[in-house]
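Worksheet for the structure shown next.
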2 protein chains.
Amino acid sequence: MIPEDHPRHAALVVREHLANAMRRGIVAPEGLIAQGRGEAFDYLLGEQTTESAARAERTAAAMLLSARNPVISVNGNTAALCAAAIADLQRASGAAVEVNLFHRTEERMRAITALLAEAGVEVLSGEPERLIPLSHDRALCLQHGIGAADLVLVPLEDGDRCAALRQMGKRVIAVDLNPLSRTAQTATLPIIDEVRRALPAITAACASLTPAEAEALAASVDGSVYLHQAIDSIVRRLQEVEHALE
Amino acid sequence: MIPEDHPRHAALVVREHLANAMRRGIVAPEGLIAQGRGEAFDYLLGEQTTESAARAERTAAAMLLSARNPVISVNGNTAALCAAAIADLQRASGAAVEVNLFHRTEERMRAITALLAEAGVEVLSGEPERLIPLSHDRALCLQHGIGAADLVLVPLEDGDRCAALRQMGKRVIAVDLNPLSRTAQTATLPIIDEVRRALPAITAACASLTPAEAEALAASVDGSVYLHQAIDSIVRRLQEVEHALE
């Protein structure tokens with residue numbers, strides 16, 4: 001049991017939750033390391049949604065609502081952290097949901113699909129094909145899912161798939177706490193925010209945007225602005241900490 | 001197998017090694033998350049030993065050589081990453097080595113002790129007592145080890161033990177990639193560097209310092225200088241990345 005008065009109580013509860021999800025085969029061991037990298041950047045961002053990220057989340061909602069075939073690509077960490085939030089976002093945006101894993105086994109695919117279905121997510125199924133230009137198993141996707149998507153939301157990603165999806169002519173929204181990552185830098189729209197804060201914010205924005213507002217917002221997306229603003233936030237926070245040092 | 005031409009090959013090999021160490025019970029699942037936090041800060045530091053950290057490592061050697069009862073406190077991650085380097089540092093510095101775990105079980109204590117012994121480390125043994133003012137199991141240590149130490153080197157630490165050791169009047173050298181952490185901020189000497197680079201650097205400095213040089217260096221240690229310099233390095237790197245963004 002984690003004591004409730006521990007100064008890092010919320011972070012410790014999430015860590016324990018993910019460690020348990022790993023024991024159940026939902027999260028890969030490497031997924032725990034990825035969580036740690038995210039924690040470090042979130043800490044540097046002050047563990048709250050910046051104004052810039054909130055604007056990105058509203059833009060993400062607009063892009064999802066304006067897309068013809070939007071797909072949310074879910075991996076183990078996202079499923080473990082956000083299953084119910086994905087169900088809500090699917091309902092609000094009409095996006096399809098597909099499971100895509102780097103450490104892909106049939107067992108993990110089944111466990112993650114079951115976890116999502118329990119939370120109310122409708123998960124795409126079918127025979128995966130090697131459609132994404134990548135040498136590893138993230139290449140595998142469904143023709144009627146990510147294969148046919150014009151927009152893919154990748155809530156958490158570690159690697160080179162974002163660039164490969166962009167090469168295929170798709171728009172990509174990435175949720176990534178590291179503004180220096182290849183994923184954040186190659187996404188059409190990088191959301192530099194914690195996934196458990198980002199997805200509900202996108203869902204809320206889906207409900208508040210008119211179709212005309214959504215189309216206008218989605219038409220002019222400049223991802224690099226969000227990278228600059230996130231880096232500026234981190235630099236400001238580091239400078240504040242430094243001033244407070246004796 | 002991790003392809004050798006992968007741009008992040010070295011990091012991926014370490015991740016796989018730690019994931020395997022977790023499967024063998026050496027590393028706790030939470031230890032993988034801690035590794036990820038470290039990776040993020042190391043990335044921001046350019047994944048190399050800064051000049052400031054190199055000076056801290058030389059100072060650490062001086063402190064170890066000048067201490068009466070120096071003890072190196074080893075946890076699961078440190079054992080998994082650095083067993084041979086700890087053996088070398090023990091030989092060079094004459095420090096005792098004690099295993100101290102947050103997620104403490106008899107099984108993990110045995111597995112980590114065996115791993116260290118195989119690498120040539122002489123590990124202290126005996127009946128642990130609750131000597132450190134902490135409510136969790138990191139309070140447990142040996143009276144003739146950390147209990148009697150005037151200097152404790154904590155190569156990796158996540159939590160409040162550093163402050164507790166300082167309260168007991170001990171000097172603490174911490175190796176911590178996060179210059180904002182409580183550990184880094186409460187240590188007598190924070191070494192803001194990756195542990196696999198830091199320990200061999202301390203060992204090398206032990207061999208090159210004369211007793212008089214060691215005593216002079218160890219007498220005047222200002223930890224906050226290293227925190228400032230590490231934060232400055234991170235800020236500079238972020239600003240460089242930002243300038244390179246389109």
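Ordering of the structure tokens sets the chain letters (A, B, ...); residue numbers start at 1 within each chain; ligands are numbered from 1 in the order shown.
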Applying 8 Å and only C-alpha atoms, which residues near A:Asp193 remain after dropping the ones on its own chain fewer than 3 positions away? List them as a compact mmCIF listing (two decimals) with all heavy atoms, in the first residue's frame.
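Produced file around.txt, reproduced below:
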# COMPACT_ATOMS: atom_id res chain seq x y z
N ASP A 42 7.12 15.07 -17.98
CA ASP A 42 5.93 15.66 -17.36
C ASP A 42 6.32 16.48 -16.14
O ASP A 42 5.78 17.56 -15.89
CB ASP A 42 4.94 14.55 -16.97
CG ASP A 42 3.53 15.10 -16.74
OD1 ASP A 42 3.21 16.16 -17.33
OD2 ASP A 42 2.76 14.49 -15.99
N GLN A 48 1.16 19.48 -15.47
CA GLN A 48 -0.17 20.01 -15.80
C GLN A 48 -0.20 20.36 -17.28
O GLN A 48 0.83 20.51 -17.92
CB GLN A 48 -0.49 21.23 -14.94
CG GLN A 48 0.55 22.32 -15.04
CD GLN A 48 0.30 23.44 -14.04
OE1 GLN A 48 -0.72 23.47 -13.38
NE2 GLN A 48 1.24 24.36 -13.94
N THR A 49 -1.43 20.44 -17.80
CA THR A 49 -1.61 20.76 -19.21
C THR A 49 -1.29 22.23 -19.43
O THR A 49 -1.90 23.10 -18.81
CB THR A 49 -3.08 20.48 -19.62
OG1 THR A 49 -3.33 19.09 -19.36
CG2 THR A 49 -3.32 20.79 -21.08
N THR A 50 -0.31 22.50 -20.28
CA THR A 50 0.01 23.90 -20.57
C THR A 50 -1.08 24.50 -21.46
O THR A 50 -1.86 23.78 -22.08
CB THR A 50 1.36 24.00 -21.31
OG1 THR A 50 1.23 23.32 -22.56
CG2 THR A 50 2.50 23.37 -20.51
N ALA A 53 -0.66 23.13 -24.90
CA ALA A 53 -1.16 21.77 -25.09
C ALA A 53 -2.69 21.76 -25.16
O ALA A 53 -3.28 21.00 -25.93
CB ALA A 53 -0.66 20.86 -23.96
N VAL A 175 0.46 12.01 -29.06
CA VAL A 175 0.53 12.49 -27.68
C VAL A 175 1.87 12.02 -27.15
O VAL A 175 2.12 10.81 -27.06
CB VAL A 175 -0.63 11.93 -26.82
CG1 VAL A 175 -0.54 12.48 -25.41
CG2 VAL A 175 -1.98 12.25 -27.45
N ASP A 176 2.75 12.95 -26.85
CA ASP A 176 4.12 12.59 -26.48
C ASP A 176 4.66 13.68 -25.57
O ASP A 176 4.67 14.85 -25.93
CB ASP A 176 4.98 12.50 -27.76
CG ASP A 176 6.35 11.86 -27.52
OD1 ASP A 176 6.93 12.08 -26.43
OD2 ASP A 176 6.83 11.17 -28.43
N LEU A 177 5.12 13.30 -24.38
CA LEU A 177 5.60 14.31 -23.43
C LEU A 177 6.97 14.85 -23.78
O LEU A 177 7.40 15.86 -23.23
CB LEU A 177 5.60 13.73 -22.02
CG LEU A 177 4.21 13.73 -21.35
CD1 LEU A 177 4.13 12.67 -20.27
CD2 LEU A 177 3.93 15.11 -20.79
N ARG A 197 -4.38 13.16 -19.24
CA ARG A 197 -5.00 14.48 -19.29
C ARG A 197 -5.44 14.81 -20.72
O ARG A 197 -6.46 15.47 -20.93
CB ARG A 197 -4.01 15.55 -18.82
CG ARG A 197 -3.60 15.41 -17.35
CD ARG A 197 -2.89 16.65 -16.83
NE ARG A 197 -1.68 16.97 -17.57
CZ ARG A 197 -0.45 16.57 -17.22
NH1 ARG A 197 -0.27 15.84 -16.14
NH2 ARG A 197 0.58 16.90 -17.95
N ALA A 198 -4.65 14.34 -21.70
CA ALA A 198 -4.89 14.75 -23.09
C ALA A 198 -6.17 14.16 -23.66
O ALA A 198 -6.97 14.88 -24.29
CB ALA A 198 -3.69 14.35 -23.95
Could you list the residues in chain A lying within 6 Å of chain B, using only C-alpha atoms, and format the result as a PyMOL selection string?
chain A and resi 19+29+32-34+36-37+40+235
Students should find that atom CA of B:Ala10 and atom CA of A:Ala187 are spaced 24.9 Å
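Within 8 Å of stretch 110-114 of chain B, once only C-alpha atoms are used and residues closer than 2 positions along the same chain are dropped, the contacting residues are Gly25, Ile26, Asn75, Gly76, Ala79, Val99, Glu106, Glu107, Arg108, Leu116, Ala117, Glu118 and Val123 of chain B.
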Put those residues in a file: all heavy atoms, as a compact mmCIF listing (two decimals), in the first residue's frame.
# COMPACT_ATOMS: atom_id res chain seq x y z
N GLY B 25 14.25 -11.24 -11.25
CA GLY B 25 14.00 -10.78 -9.88
C GLY B 25 15.05 -9.83 -9.32
O GLY B 25 15.01 -9.48 -8.15
N ILE B 26 16.00 -9.41 -10.16
CA ILE B 26 17.05 -8.48 -9.69
C ILE B 26 16.47 -7.06 -9.62
O ILE B 26 16.66 -6.33 -8.64
CB ILE B 26 18.26 -8.48 -10.66
CG1 ILE B 26 18.85 -9.90 -10.81
CG2 ILE B 26 19.31 -7.46 -10.25
CD1 ILE B 26 19.61 -10.38 -9.63
N ASN B 75 21.42 -0.98 -5.00
CA ASN B 75 20.05 -1.48 -5.19
C ASN B 75 19.99 -2.35 -6.46
O ASN B 75 21.03 -2.62 -7.08
CB ASN B 75 19.07 -0.30 -5.25
CG ASN B 75 19.25 0.56 -6.48
OD1 ASN B 75 20.06 0.26 -7.36
ND2 ASN B 75 18.51 1.64 -6.55
N GLY B 76 18.81 -2.76 -6.82
CA GLY B 76 18.66 -3.70 -7.94
C GLY B 76 19.14 -3.14 -9.26
O GLY B 76 19.88 -3.81 -10.00
N ALA B 79 22.97 -2.93 -9.34
CA ALA B 79 23.57 -4.26 -9.47
C ALA B 79 23.44 -4.76 -10.90
O ALA B 79 24.39 -5.30 -11.48
CB ALA B 79 22.92 -5.23 -8.49
N VAL B 99 23.88 -4.06 0.34
CA VAL B 99 22.68 -4.04 -0.49
C VAL B 99 21.55 -3.40 0.31
O VAL B 99 21.33 -3.74 1.47
CB VAL B 99 22.27 -5.47 -0.94
CG1 VAL B 99 20.99 -5.44 -1.77
CG2 VAL B 99 23.42 -6.11 -1.74
N GLU B 106 13.57 -11.21 0.90
CA GLU B 106 14.75 -12.04 1.12
C GLU B 106 15.28 -12.59 -0.20
O GLU B 106 16.48 -12.68 -0.43
CB GLU B 106 14.42 -13.19 2.09
CG GLU B 106 14.46 -12.77 3.54
CD GLU B 106 15.70 -11.94 3.88
OE1 GLU B 106 16.84 -12.40 3.64
OE2 GLU B 106 15.54 -10.78 4.34
N GLU B 107 14.32 -12.93 -1.09
CA GLU B 107 14.69 -13.50 -2.38
C GLU B 107 15.50 -12.50 -3.22
O GLU B 107 16.53 -12.85 -3.81
CB GLU B 107 13.40 -13.88 -3.10
CG GLU B 107 13.56 -14.91 -4.16
CD GLU B 107 12.22 -15.20 -4.83
OE1 GLU B 107 11.16 -14.84 -4.25
OE2 GLU B 107 12.25 -15.76 -5.94
N ARG B 108 15.01 -11.23 -3.27
CA ARG B 108 15.75 -10.22 -4.04
C ARG B 108 17.11 -9.94 -3.40
O ARG B 108 18.11 -9.78 -4.10
CB ARG B 108 14.96 -8.90 -4.14
CG ARG B 108 13.86 -8.91 -5.19
CD ARG B 108 13.36 -7.49 -5.44
NE ARG B 108 14.28 -6.71 -6.25
CZ ARG B 108 14.48 -5.41 -6.13
NH1 ARG B 108 13.83 -4.72 -5.22
NH2 ARG B 108 15.34 -4.78 -6.91
N LEU B 116 26.32 -9.71 -7.36
CA LEU B 116 27.48 -8.88 -7.02
C LEU B 116 28.69 -9.76 -6.69
O LEU B 116 29.81 -9.48 -7.15
CB LEU B 116 27.15 -7.97 -5.82
CG LEU B 116 26.13 -6.87 -6.09
CD1 LEU B 116 25.69 -6.22 -4.77
CD2 LEU B 116 26.72 -5.81 -7.04
N ALA B 117 28.46 -10.81 -5.93
CA ALA B 117 29.56 -11.68 -5.53
C ALA B 117 30.20 -12.33 -6.76
O ALA B 117 31.43 -12.42 -6.85
CB ALA B 117 29.06 -12.75 -4.54
N GLU B 118 29.37 -12.73 -7.71
CA GLU B 118 29.88 -13.32 -8.96
C GLU B 118 30.79 -12.35 -9.70
O GLU B 118 31.72 -12.77 -10.40
CB GLU B 118 28.71 -13.61 -9.90
CG GLU B 118 28.35 -15.07 -10.04
CD GLU B 118 27.06 -15.21 -10.81
OE1 GLU B 118 27.04 -14.81 -12.00
OE2 GLU B 118 26.08 -15.67 -10.21
N VAL B 123 30.38 -8.42 -0.44
CA VAL B 123 29.15 -7.80 0.05
C VAL B 123 29.02 -8.02 1.55
O VAL B 123 29.19 -9.15 2.04
CB VAL B 123 27.92 -8.41 -0.68
CG1 VAL B 123 26.64 -7.70 -0.24
CG2 VAL B 123 28.09 -8.32 -2.19
Tell me, as a compact mmCIF listing (two decimals) with C-alpha atoms, in the first residue's frame, which residues lie within 12 Å of B:Ser208, counting only C-alpha atoms; anything in the same chain fewer than 4 positions away does not count.
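Once everything was written out, this is out-v8.txt:
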# COMPACT_ATOMS: atom_id res chain seq x y z
CA ARG B 58 37.00 13.32 -9.05
CA THR B 59 35.63 14.90 -5.87
CA ALA B 61 36.93 9.73 -5.34
CA ALA B 62 38.58 12.17 -2.95
CA LEU B 65 39.57 7.96 -0.09
CA ALA B 92 40.18 1.20 -5.78
CA SER B 93 38.49 2.95 -2.86
CA ALA B 201 35.26 7.59 -13.65
CA ILE B 202 35.32 7.59 -9.84
CA THR B 203 37.45 4.42 -9.88
CA ALA B 204 39.94 6.00 -12.30
CA ALA B 212 47.02 15.12 0.14
CA GLU B 213 45.06 16.03 -2.99
CA ALA B 214 42.19 13.80 -1.87
Can you list, as a ChimeraX atom specification, all residues belonging to stretch 29-239 of chain A that DSSP tags as helix (DSSP H, G or I)?
/A:29-44,51-66,76-93,106-118,137-139,146-148,161-167,182-186,195-208,211-219,223-239
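Of note, atom CA of A:Ile132 and atom CA of A:Phe102 are spaced 12.6 Å apart.
For A:Pro133, the residues within 12 Å (counting only C-alpha atoms, excluding itself and residues fewer than 3 positions away along the chain) are Glu129, Arg130, His136, Asp137, Arg138, Ala139, Leu140, Cys141, Gly147, Asp160, Arg161, Cys162, Ala163, Ala164, Leu165, Arg166, Gln167 and Met168 of chain A.
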